[in-house]
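S.K.: Here you go, one structure.
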Amino acid sequence: MRRLFIHLLTCSLLAGFLLPETFAQGRAGTPDTLIRNATVLTVTRGTLPNADLLIRNGKIASVGKNLNVGNARVIDATGKYLMPGIVDCHSHSMLDAINEGSLSVTSMTRMNDVLNPHDVDLYRALAGGVTALNLLHGSANAIGGQNTVVKIKYGRPVKEFLFPGAMPGIKFALGENPKRSSFNPQPGQQRRYPATRMGVEEVIREAFTRARDYKKTWDEYRAGLARRDQNLIPPRRDLQLEPLVEVMEGKRYVHAHCYRADEILMLISLANEFGFKIKTFQHTLEGYKVAKEIAQHGAGASIFADNWAYKIEAYDAIPYNAAIMTRAGVNVSMNSDSDERARRLNIEAAKAMRYGDLSEEETLKLITWNPAWQLGIHDRVGSIEVGKDADLAIWNGHPLSVYSRVETTFVDGEVFFDRQKDLARRADLLKERAQLEQAEPNRPPSGGASPATPRRRRPTNHDDDIWEGEQP
Amino acid sequence: MPAIRLRIFAALLASAFIFIPRPNFVTAQRSAIDTYAITNARVVTVAGPVIDHGTVVIRDGLIAAVGANVTAPPDARVIDGTGLTVYPGLIDSSTALGMPQPSPTPTPSPGVAGAGFGQFRPETSAISALNSTQPPGLQPEVLAEDFIKPGGEQIEAARNAGITTALTSPRQGIWIGQSALINLAGDTPQQMIVRSPVALHVGFTPLRTGNYPNSLVGVFASLRQMLLDAQRYRQAHQTYERSPRGMRRPNQDRSLAALLPVLDGTMPVVMYADREREISRALDLAQEFKLLPIIAGGLEAGRVADRLRESKVPVLLSLNFPRRITAALPEADAEPVRILRERVEAPKTAAKLVVARVPFAFQSGALTNMADFSVNLLRAIENGLSRDDALRALTLWPAQILGVADRLGTIEAGKIANLTITRGDLFDRNARISHVFIDGRSIDLRPEVGGAQAGAATGTWTLNVNLGSGDIAVTLVLQQEGERLRGSIQGGLGSSEIANASAGPSGDLRFTVPATFEGQTAEATFAGRITGNEMQGTVNVVGRAPGSFTGTKAGAPAMPVASPTPPGEFRSAVKVNAHLSGTWILSIKIGTQTFPGTLNLDHNGRSITGLLQSPFGTTPLTEGTVDFEGFHFISRARIDGRVVEMAVEGNTDGNEILGTVDSEIGFALFAGFRKR
């Protein structure tokens with residue numbers, strides 16, 4: 001009935017009737033929400049004390065003091081902080097597969113094909129104030145798969161997760177992982193090329209050379225069609241090379257996993273050779289050594305706050321990396337690369353205040369506006385501005401304090417995490433669990449196989465590890 | 001203690017008949033009778049109302065007549081159907097019946113949770129086509145019909161559960177191959193096939209060879225690429241055929257050619273998908289290439305019901321409901337609520353699909369124990385599915401989904417005479433399958449095991465058969481349950497299963513068997529009488545003068561009796577002097593999966609030595625002993641980097657073997673036979 005009503009309203013809208021704005025777009029029928037009396041961290045326009053924020057149709061409708069309530073649902077945020085939803089520029093959450101490790105160029109794979117909207121890590125990320133994720137392929141290949149940018153609409157069908165208008169992207173990987181993946185082949189299997197950093201460069205150059213030829217073949221075919229040539233058979237559509245052509249045409253961002261300065265310079269020069277841009281260097285723990293060159297190329301850097309020396313190629317990492325690159329004009333973000341770290345990206349950002357004295361605004365940008373820019377979604381999210389998506393989090397204290405936690409998280413103006421509701425539900429969940437465990441199919445059989453113990457638990461920290469989740 | 005052990009052993013023996021391979025089992029029992037009339041039975045035609053007292057006439061493999069006023073033809077063999085219910089033969093809509101079994105090899109599994117028996121994963125050994133451009137597992141040109149092997153214990157187990165027809169295809173691979181619909185009786189694949197190919201089957205399991213694609217993302221990329229390649233292949237060949245002159249000939253490619261019918265929408269694609277997201281992904285791919293999908297598995301199909309209905313996608317719903325297979329362990333992680341819910345929700349899916357008007361058919365879903373098939377069917381009924389719909393989902397609906405409703409799925413004149421006949425309603429807990437007809441032939445059902453006492457005929461008999469040219473030595477192994485008799489012969493008349501067998505209370509017995517004699521095979525009819533451990537009687541072979549036979553039963557009863565053994569008394573299930581040496585071919589049942597194994601035994605007095613080849617590698621036997629309870633040994637395997645001690649005990653009976661494996665990581669059963 002309600003749907004019919006809305007349908008009629010939509011029809012009359014098309015017919016030119018004047019209608020309440022509420023029904024004009026977005027999730028029609030959602031009441032307005034007024035967040036009252038919060039300390040609003042806009043990120044781009046400073047901090048507004050004791051300000052209100054009105055959400056209408058999933059967008060930030062207005063920000064200011066003493067806004068008119070109207071029919072809005074009011075959330076009192078007195079003494080609390082409101083900040084934009086955190087954007088995580090490097091995540092492997094909600095992926096049923098991360099690495100296609102068999103080949104060195106797996107650009108034909110799409111993370112879009114393997115999304116799991118029920119991954120509980122998504123809910124945990126929401127509880128940490130995160131509202132958008134860049135879901136990347138792993139780093140087992142010099143050229144990996146196509147990434148997907150999502151809004152965390154936990155509990156909704158997969159299609160509602162996809163971030164509208166986000167730039168398509170692709171994962172590259174340099175250094176240890178793409179060459180280490182070449183070791184230890186299975187019996188009867190040939191060792192995969194490359195086995196050195198030189199080989200990694202060659203694999204990328206070779207792939208782009210093929211992609212250039214591929215584009216030429218298609219251009220010739222299209223020219224033939226235009227000439228009305230007879231008996232033309234279209235060239236084979238090559239799903240491996242198509243995304244690389246898009247990279248060269250500037251239609252697809254490159255997110256390149258890397259650690260060492262020499263490799264960053266190598267990839268910049270290789271990109272220049274083929275006339276494309278790297279959008280982000282991921283991890284970039286030696287980025288401070290080549291910050292000027294990264295800035296000059298126009299690339300961003302999405303990094304860990306610390307993680308020095310956790311592997312050989314990370315030995316030269318320093319905690320001042322974010323600050324040095326920021327001062328050199330590089331767009332820097334802090335990412336999680338981990339379901340666990342995704343819950344506390346605010347603390348990761350805060351480390352850059354401690355090491356390098358970034359300002360509060362610069363620090364908040366590391367997890368909001370900067371990663372949004374790196375994904376091409378900064379016109380939609382990443383700061384609190386009228387007209388942007390209402391992807392927001394209310395914190396009970398300043399988000400850069402270790403003592404603060406998230407109270408409520410909004411995506412497109414809808415509440416996807418509410419701490420009070422979560423606490424209230426826990427007793428019911430325990431009761432449900434107890435009942436379910438009594439059910440016949442859930443009872444342990446005598447003499448069954450041994451269950452997974454914490455020792456064998458799937459690690460949540462990927463650190464872009466090449467084998468995570470993929471070992472047969 | 002020995003008493004308990006014997007009792008356990010007897011129970012194991014009873015249940016293990018399912019697992020004993022019968023290498024030379026002849027599936028179809030040839031019968032001269034081709035006309036039957038089942039009279040005075042309750043007939044559930046599925047096509048119309050139930051006939052309370054009706055007659056079904058079968059002639060020449062077809063249903064000749066059905067109705068309340070039908071009379072039995074004079075030449076028909078009449079089966080009094082009083083107390084019986086006649087149903088259309090049940091259809092299992094997704095199986096690997098008759099397909100070659102993959103051979104498991106131990107998987108070293110760093111990074112994979114657990115290496116217990118339950119976690120053991122067999123290596124993929126996908127079937128390979130000839131001259132393919134694609135690696136095994138990516139060959140849509142594979143035809144199940146090329147690999148069907150008639151007979152075998154699994155087909156027999158399915159028939160014993162009342163299943164007469166099954167869709168079969170290999171299990172491994174991404175492009176798995178094209179399935180065949182087979183009747184579960186017939187001496188040759190050609191006789192069994194009802195329709196082939198039926199559908200192209202797609203699994204989303206990465207190749208386990210380490211080659212591309214070895215992940216789910218790669219699987220989708222490779223499926224998509226091959227479909228695109230096939231589209232281009234079609235276009236290239238069409239262009240070439242229009243004007244070959246002056247144009248370079250495009251390559252032939254059977255893999256791509258096999259995809260053309262599914263791209264044309266003339267062949268459906270069976271896609272294995274259980275979870276909501278797996279089903280959605282499969283439907284997305286089908287939509288992208290305008291394929292005709294059928295979802296197989298469908299555990300969470302209820303959550304996608306609206307989309308399934310709107311896109312008219314049927315479901316082959318698995319009755320292999322998930323259940324907890326891991327033992328209780330205090331230090332283990334609690335199972336996620338989502339998993340707990342899923343197991344409780346699984347039996348509700350069928351009813352949800354009915355409500356949502358999504359067409360579906362049941363399938364056994366790689367169940368190895370067909371007893372679970374009926375148990376889980378009842379669970380679906382307890383969870384809201386009506387009995388009528390449950391029956392339709394086993395008969396008419398699969399016939400419709402698989403495109404054979406004009407010849408199968410209901411009891412109507414002119415349709416194939418596949419019937420499942422029960423004493424009691426099919427969905428009652430105590431229902432018993434009394435008869436199964438396939439293609440109009442009566443199928444010998446395996447005796448109910450576990451309940452009845454072994455009959456006097458049970459045992460291994462040494463026969464001297466005289467057909468007019470001297471004695472022929474034959475070993476006859478018999479198993480009697482009440483009046484039911486089954487068994488096999490070996491020796492001078494070849495190796496065959498017996499058929500049409502019966503045994504009377506006074507010791508009369510009768511059976512037929514294909515006998516190979518003087519270079520020819522002919523049906524031999526044995527009729528005789530048992531007195532104690534001896535039997536004698538006559539043998540009739542078509543076209544020869546009648547012969548005679550005598551026989552003696554070897555040793556003690558072959559079937560151990562589940563009664564307490566008095567202390568000190570020697571109630572031998574295994575003959576102490578039985579020589580165990582030899583190579584034993586095993587079926588090892590771990591959890592719900594069965595794996596092959598080999599046991600090489602060297603038996604010397606009271607000790608045995610040898611080698612055990614199991615899913616955990618080839619390991620030597622230690623501490624091997626033989627006593628009146630059977631044999632025992634320890635074998636130590638290296639699993640997941642640590643040494644696991646497997647305590648094996650078992651028993652033999654002639655050339656059959658049975659036993660258990662106990663270890664810290666799990667428990668397994670095995671059964672098998674001695675390699676000749």
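Just remember, in the structure tokens the first chain shown is A, the second B, etc., residues are 1-based per chain, and ligands are 1-based in the order shown.
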What's the 9 Å shell around stretch 303-316 of chain A, counting only C-alpha atoms, without same-chain residues fewer than 5 positions away, as a VMD selection string?

M.R.: chain A and resid 90 175 to 176 259 to 260 281 to 287 321 to 322 332 to 337 348 to 352

S.K.: Quick one: residues within 10 Å of A:Asn66, only C-alpha atoms, excluding same-chain residues fewer than 5 positions away - as a PyMOL selection string?

M.R.: chain A and resi 36-37+50-53

S.K.: Using only C-alpha atoms and a distance of at most 6 Å, pull out the residues of chain B that contact chain A, as a PDB file with C-alpha atoms, in the first residue's frame.

M.R.:
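File selection30.pdb, as written:
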```
ATOM      1  CA  ALA B 113      42.031 -24.509   9.500  1.00  0.00           C
ATOM      2  CA  GLY B 116      41.109 -33.484  10.860  1.00  0.00           C
ATOM      3  CA  PHE B 117      39.254 -36.061   8.870  1.00  0.00           C
ATOM      4  CA  GLY B 118      36.375 -33.684   8.465  1.00  0.00           C
ATOM      5  CA  ASN B 211      46.926 -23.102 -12.528  1.00  0.00           C
ATOM      6  CA  TYR B 212      44.550 -20.325 -13.512  1.00  0.00           C
ATOM      7  CA  SER B 215      40.464 -18.480  -6.888  1.00  0.00           C
ATOM      8  CA  LEU B 216      36.812 -17.507  -7.050  1.00  0.00           C
ATOM      9  CA  VAL B 217      37.614 -14.162  -8.715  1.00  0.00           C
ATOM     10  CA  GLY B 218      39.549 -16.037 -11.374  1.00  0.00           C
ATOM     11  CA  ALA B 221      36.864 -14.043 -15.042  1.00  0.00           C
ATOM     12  CA  ALA B 236      33.679 -16.099 -36.971  1.00  0.00           C
ATOM     13  CA  ARG B 323      24.791 -30.098  10.153  1.00  0.00           C
ATOM     14  CA  ARG B 324      27.561 -29.732  12.637  1.00  0.00           C
ATOM     15  CA  ILE B 325      30.350 -32.187  11.933  1.00  0.00           C
ATOM     16  CA  THR B 326      32.893 -31.022  14.483  1.00  0.00           C
ATOM     17  CA  ALA B 327      33.172 -32.418  17.957  1.00  0.00           C
ATOM     18  CA  ALA B 328      32.670 -30.337  21.092  1.00  0.00           C
ATOM     19  CA  ALA B 332      37.315 -23.963  20.183  1.00  0.00           C
ATOM     20  CA  ASP B 333      35.754 -20.780  18.867  1.00  0.00           C
ATOM     21  CA  ILE B 665      41.604 -36.223  14.844  1.00  0.00           C
ATOM     22  CA  GLY B 666      38.634 -38.340  14.093  1.00  0.00           C
ATOM     23  CA  PHE B 667      36.986 -41.627  13.427  1.00  0.00           C
TER      24      PHE B 667
END
```

S.K.: A:Gly85: which residues within 6 Å, counting only C-alpha atoms, same-chain residues fewer than 3 positions away excluded, as a list in words?

M.R.: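 With the cut-off at 6 Å, the set is Gly129, Val130, Thr131, Asp391, Leu392 and Ala393 of chain A.
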
S.K.: Keeping only C-alpha atoms, take the residues you just selected and write them out as a CSV table (one decimal), in the first residue's frame.

M.R.:
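Okay, this is what ended up in result_17.csv:
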```
chain,number,residue,atom,x,y,z
A,129,GLY,CA,33.0,5.1,12.2
A,130,VAL,CA,34.0,3.7,8.7
A,131,THR,CA,31.5,4.2,6.0
A,391,ASP,CA,27.8,9.4,5.6
A,392,LEU,CA,28.6,10.5,9.2
A,393,ALA,CA,29.6,9.2,12.6
```

S.K.: Using Å and a single decimal, report how far atom CA of A:Ala427 sits from atom CA of B:Leu329.

M.R.: 23.9 Å

S.K.: So that I can see what lies close to stretch 50-56 of chain B, please list as a ChimeraX atom specification the residues with an atom at most 10 Å from it, counting only C-alpha atoms and leaving out residues fewer than 6 positions away in the same chain.

M.R.: /B:36-44,63-72,78-87,411-413,417,419

S.K.: May I have the selected residues written with N, CA and C atoms, as a tab-separated table (two decimals), in the first residue's frame?

M.R.:
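So the final result, stored in again03.tsv, reads:
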```
chain	number	residue	atom	x	y	z
B	36	TYR	N	3.40	-56.88	-16.00
B	36	TYR	CA	3.05	-56.98	-14.59
B	36	TYR	C	1.73	-56.27	-14.38
B	37	ALA	N	1.04	-56.70	-13.34
B	37	ALA	CA	-0.14	-55.96	-12.92
B	37	ALA	C	-0.08	-55.85	-11.41
B	38	ILE	N	-0.08	-54.63	-10.94
B	38	ILE	CA	-0.13	-54.42	-9.50
B	38	ILE	C	-1.58	-54.11	-9.19
B	39	THR	N	-2.22	-55.00	-8.49
B	39	THR	CA	-3.67	-54.88	-8.31
B	39	THR	C	-4.02	-54.45	-6.90
B	40	ASN	N	-5.19	-53.85	-6.82
B	40	ASN	CA	-5.77	-53.53	-5.52
B	40	ASN	C	-4.85	-52.65	-4.66
B	41	ALA	N	-4.09	-51.80	-5.31
B	41	ALA	CA	-3.15	-50.95	-4.57
B	41	ALA	C	-3.66	-49.52	-4.52
B	42	ARG	N	-3.14	-48.76	-3.58
B	42	ARG	CA	-3.39	-47.32	-3.57
B	42	ARG	C	-2.43	-46.73	-4.61
B	43	VAL	N	-2.99	-46.02	-5.58
B	43	VAL	CA	-2.14	-45.51	-6.65
B	43	VAL	C	-2.12	-43.99	-6.59
B	44	VAL	N	-0.95	-43.44	-6.34
B	44	VAL	CA	-0.79	-41.99	-6.32
B	44	VAL	C	-0.18	-41.61	-7.67
B	63	ILE	N	3.96	-47.95	-18.94
B	63	ILE	CA	2.72	-48.09	-18.19
B	63	ILE	C	1.62	-48.30	-19.22
B	64	ALA	N	0.97	-49.48	-19.18
B	64	ALA	CA	-0.03	-49.80	-20.19
B	64	ALA	C	-1.39	-49.27	-19.79
B	65	ALA	N	-1.68	-49.33	-18.51
B	65	ALA	CA	-2.99	-48.86	-18.04
B	65	ALA	C	-2.91	-48.58	-16.56
B	66	VAL	N	-3.74	-47.64	-16.12
B	66	VAL	CA	-3.84	-47.37	-14.70
B	66	VAL	C	-5.27	-46.94	-14.42
B	67	GLY	N	-5.84	-47.43	-13.31
B	67	GLY	CA	-7.18	-47.00	-12.97
B	67	GLY	C	-7.82	-47.94	-11.97
B	68	ALA	N	-9.01	-47.53	-11.54
B	68	ALA	CA	-9.73	-48.35	-10.56
B	68	ALA	C	-10.39	-49.54	-11.22
B	69	ASN	N	-10.74	-49.38	-12.51
B	69	ASN	CA	-11.48	-50.43	-13.19
B	69	ASN	C	-10.65	-51.20	-14.19
B	70	VAL	N	-9.35	-51.11	-14.04
B	70	VAL	CA	-8.47	-51.83	-14.95
B	70	VAL	C	-8.32	-53.26	-14.45
B	71	THR	N	-8.40	-54.21	-15.37
B	71	THR	CA	-8.19	-55.60	-14.94
B	71	THR	C	-6.84	-56.08	-15.43
B	72	ALA	N	-6.28	-57.01	-14.69
B	72	ALA	CA	-4.97	-57.52	-15.02
B	72	ALA	C	-5.04	-58.37	-16.27
B	78	VAL	N	0.97	-61.03	-11.60
B	78	VAL	CA	0.15	-60.18	-10.74
B	78	VAL	C	0.83	-60.00	-9.40
B	79	ILE	N	0.93	-58.75	-9.00
B	79	ILE	CA	1.43	-58.45	-7.66
B	79	ILE	C	0.25	-57.94	-6.87
B	80	ASP	N	-0.06	-58.64	-5.79
B	80	ASP	CA	-1.19	-58.21	-4.97
B	80	ASP	C	-0.77	-56.94	-4.23
B	81	GLY	N	-1.45	-55.86	-4.56
B	81	GLY	CA	-1.05	-54.57	-4.01
B	81	GLY	C	-1.77	-54.20	-2.73
B	82	THR	N	-2.45	-55.16	-2.12
B	82	THR	CA	-3.14	-54.84	-0.88
B	82	THR	C	-2.14	-54.32	0.14
B	83	GLY	N	-2.42	-53.11	0.64
B	83	GLY	CA	-1.51	-52.52	1.63
B	83	GLY	C	-0.34	-51.80	1.01
B	84	LEU	N	-0.27	-51.80	-0.31
B	84	LEU	CA	0.85	-51.14	-0.97
B	84	LEU	C	0.38	-49.83	-1.61
B	85	THR	N	1.30	-48.88	-1.73
B	85	THR	CA	1.03	-47.63	-2.44
B	85	THR	C	2.00	-47.52	-3.60
B	86	VAL	N	1.44	-47.20	-4.76
B	86	VAL	CA	2.27	-47.09	-5.97
B	86	VAL	C	2.47	-45.62	-6.30
B	87	TYR	N	3.73	-45.22	-6.42
B	87	TYR	CA	4.07	-43.84	-6.78
B	87	TYR	C	4.83	-43.84	-8.11
B	411	ILE	N	2.14	-41.33	-13.08
B	411	ILE	CA	1.66	-42.65	-13.51
B	411	ILE	C	0.52	-42.42	-14.50
B	412	GLU	N	0.85	-42.49	-15.76
B	412	GLU	CA	-0.14	-42.31	-16.81
B	412	GLU	C	0.20	-43.29	-17.92
B	413	ALA	N	-0.83	-43.76	-18.58
B	413	ALA	CA	-0.61	-44.74	-19.64
B	413	ALA	C	0.32	-44.16	-20.70
B	417	ALA	N	7.60	-46.99	-17.49
B	417	ALA	CA	7.13	-47.69	-16.29
B	417	ALA	C	8.19	-47.66	-15.20
B	419	LEU	N	8.30	-47.08	-11.32
B	419	LEU	CA	7.39	-47.03	-10.19
B	419	LEU	C	8.14	-47.28	-8.90
```

S.K.: Have a look at A:Phe417, A:Tyr123, A:Tyr403, A:Trp369 and name the one nearest to A:Leu41; count only C-alpha atoms.

M.R.: A:Trp369

S.K.: Please indicate the distance in Å from atom CA of B:Ile438 to atom CA of B:Ile416, rounded to one decimal place.

M.R.: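 Between atom CA of B:Ile438 and atom CA of B:Ile416 the gap is 8.1 Å.
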
S.K.: Of the candidates A:Ile377, A:Leu162, A:Ala61, A:Ile347, which shows the shortest atom-to-atom distance to A:Arg405, using only C-alpha atoms?

M.R.: A:Ile347

S.K.: Pick out the residues sitting within 7 Å of stretch 601-606 of chain B, and hand them over as a PDB file with N, CA and C atoms, in the first residue's frame; count only C-alpha atoms, and ignore anything fewer than 4 positions along from it in its own chain.

M.R.:
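Done, and the output landed in out-v7.pdb:
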```
ATOM      1  N   HIS B 579      43.741 -66.764   6.521  1.00  0.00           N
ATOM      2  CA  HIS B 579      44.927 -66.104   6.064  1.00  0.00           C
ATOM      3  C   HIS B 579      44.563 -64.724   5.552  1.00  0.00           C
ATOM      4  N   LEU B 580      45.102 -63.696   6.214  1.00  0.00           N
ATOM      5  CA  LEU B 580      44.716 -62.330   5.862  1.00  0.00           C
ATOM      6  C   LEU B 580      45.621 -61.724   4.809  1.00  0.00           C
ATOM      7  N   SER B 581      46.672 -62.459   4.462  1.00  0.00           N
ATOM      8  CA  SER B 581      47.626 -61.883   3.511  1.00  0.00           C
ATOM      9  C   SER B 581      46.937 -61.536   2.202  1.00  0.00           C
ATOM     10  N   GLY B 582      47.402 -60.467   1.629  1.00  0.00           N
ATOM     11  CA  GLY B 582      46.857 -60.076   0.330  1.00  0.00           C
ATOM     12  C   GLY B 582      46.674 -58.569   0.260  1.00  0.00           C
ATOM     13  N   THR B 583      46.146 -58.149  -0.852  1.00  0.00           N
ATOM     14  CA  THR B 583      45.870 -56.728  -1.048  1.00  0.00           C
ATOM     15  C   THR B 583      44.378 -56.507  -0.920  1.00  0.00           C
ATOM     16  N   GLY B 610      52.567 -54.881   7.187  1.00  0.00           N
ATOM     17  CA  GLY B 610      52.139 -54.444   5.863  1.00  0.00           C
ATOM     18  C   GLY B 610      52.106 -52.937   5.746  1.00  0.00           C
ATOM     19  N   LEU B 611      51.326 -52.498   4.781  1.00  0.00           N
ATOM     20  CA  LEU B 611      51.248 -51.068   4.466  1.00  0.00           C
ATOM     21  C   LEU B 611      49.785 -50.664   4.335  1.00  0.00           C
ATOM     22  N   THR B 625      48.338 -57.354  15.249  1.00  0.00           N
ATOM     23  CA  THR B 625      48.031 -58.668  15.820  1.00  0.00           C
ATOM     24  C   THR B 625      46.726 -59.185  15.251  1.00  0.00           C
ATOM     25  N   VAL B 626      46.567 -60.512  15.316  1.00  0.00           N
ATOM     26  CA  VAL B 626      45.302 -61.130  14.922  1.00  0.00           C
ATOM     27  C   VAL B 626      44.863 -62.014  16.073  1.00  0.00           C
ATOM     28  N   ASP B 627      43.634 -61.860  16.517  1.00  0.00           N
ATOM     29  CA  ASP B 627      43.118 -62.762  17.538  1.00  0.00           C
ATOM     30  C   ASP B 627      41.663 -63.074  17.214  1.00  0.00           C
TER      31      ASP B 627
END
```

S.K.: Neighbours of stretch 538-549 of chain B within 9 Å (only C-alpha atoms; same-chain residues fewer than 3 positions away dropped), as JSON, numbers by chain?

M.R.: {"B": [463, 464, 465, 466, 467, 468, 471, 515, 522, 523, 524, 525, 526, 527, 528, 535]}

S.K.: Give me the residues near A:Val386 as an NGL selection string, where near means some atom within 8 Å (using only C-alpha atoms) and where sequence neighbours in that chain fewer than 2 positions away do not count.

M.R.: :A and (59-63 or 384 or 388)

S.K.: DSSP on the backbone, then: every residue of stretch 135-361 of chain A marked alpha helix (DSSP H), written as number ranges by chain.

M.R.: A: 158-161, 176-180, 197-226, 242-248, 261-274, 291-297, 321-327, 345-354, 360-361

S.K.: Return the single residue from A:Val105, A:Leu364, A:Ile86, A:Leu358 that is closest to A:Ile143, with distances computed using only C-alpha atoms.

M.R.: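 Using only C-alpha atoms, A:Ile143 sits closest to A:Val105.
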
S.K.: Atom CA of B:Ile339 and atom CA of B:Ile176, how far apart in Å?

M.R.: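 Separation of atom CA of B:Ile176 and atom CA of B:Ile339: 28.3 Å.
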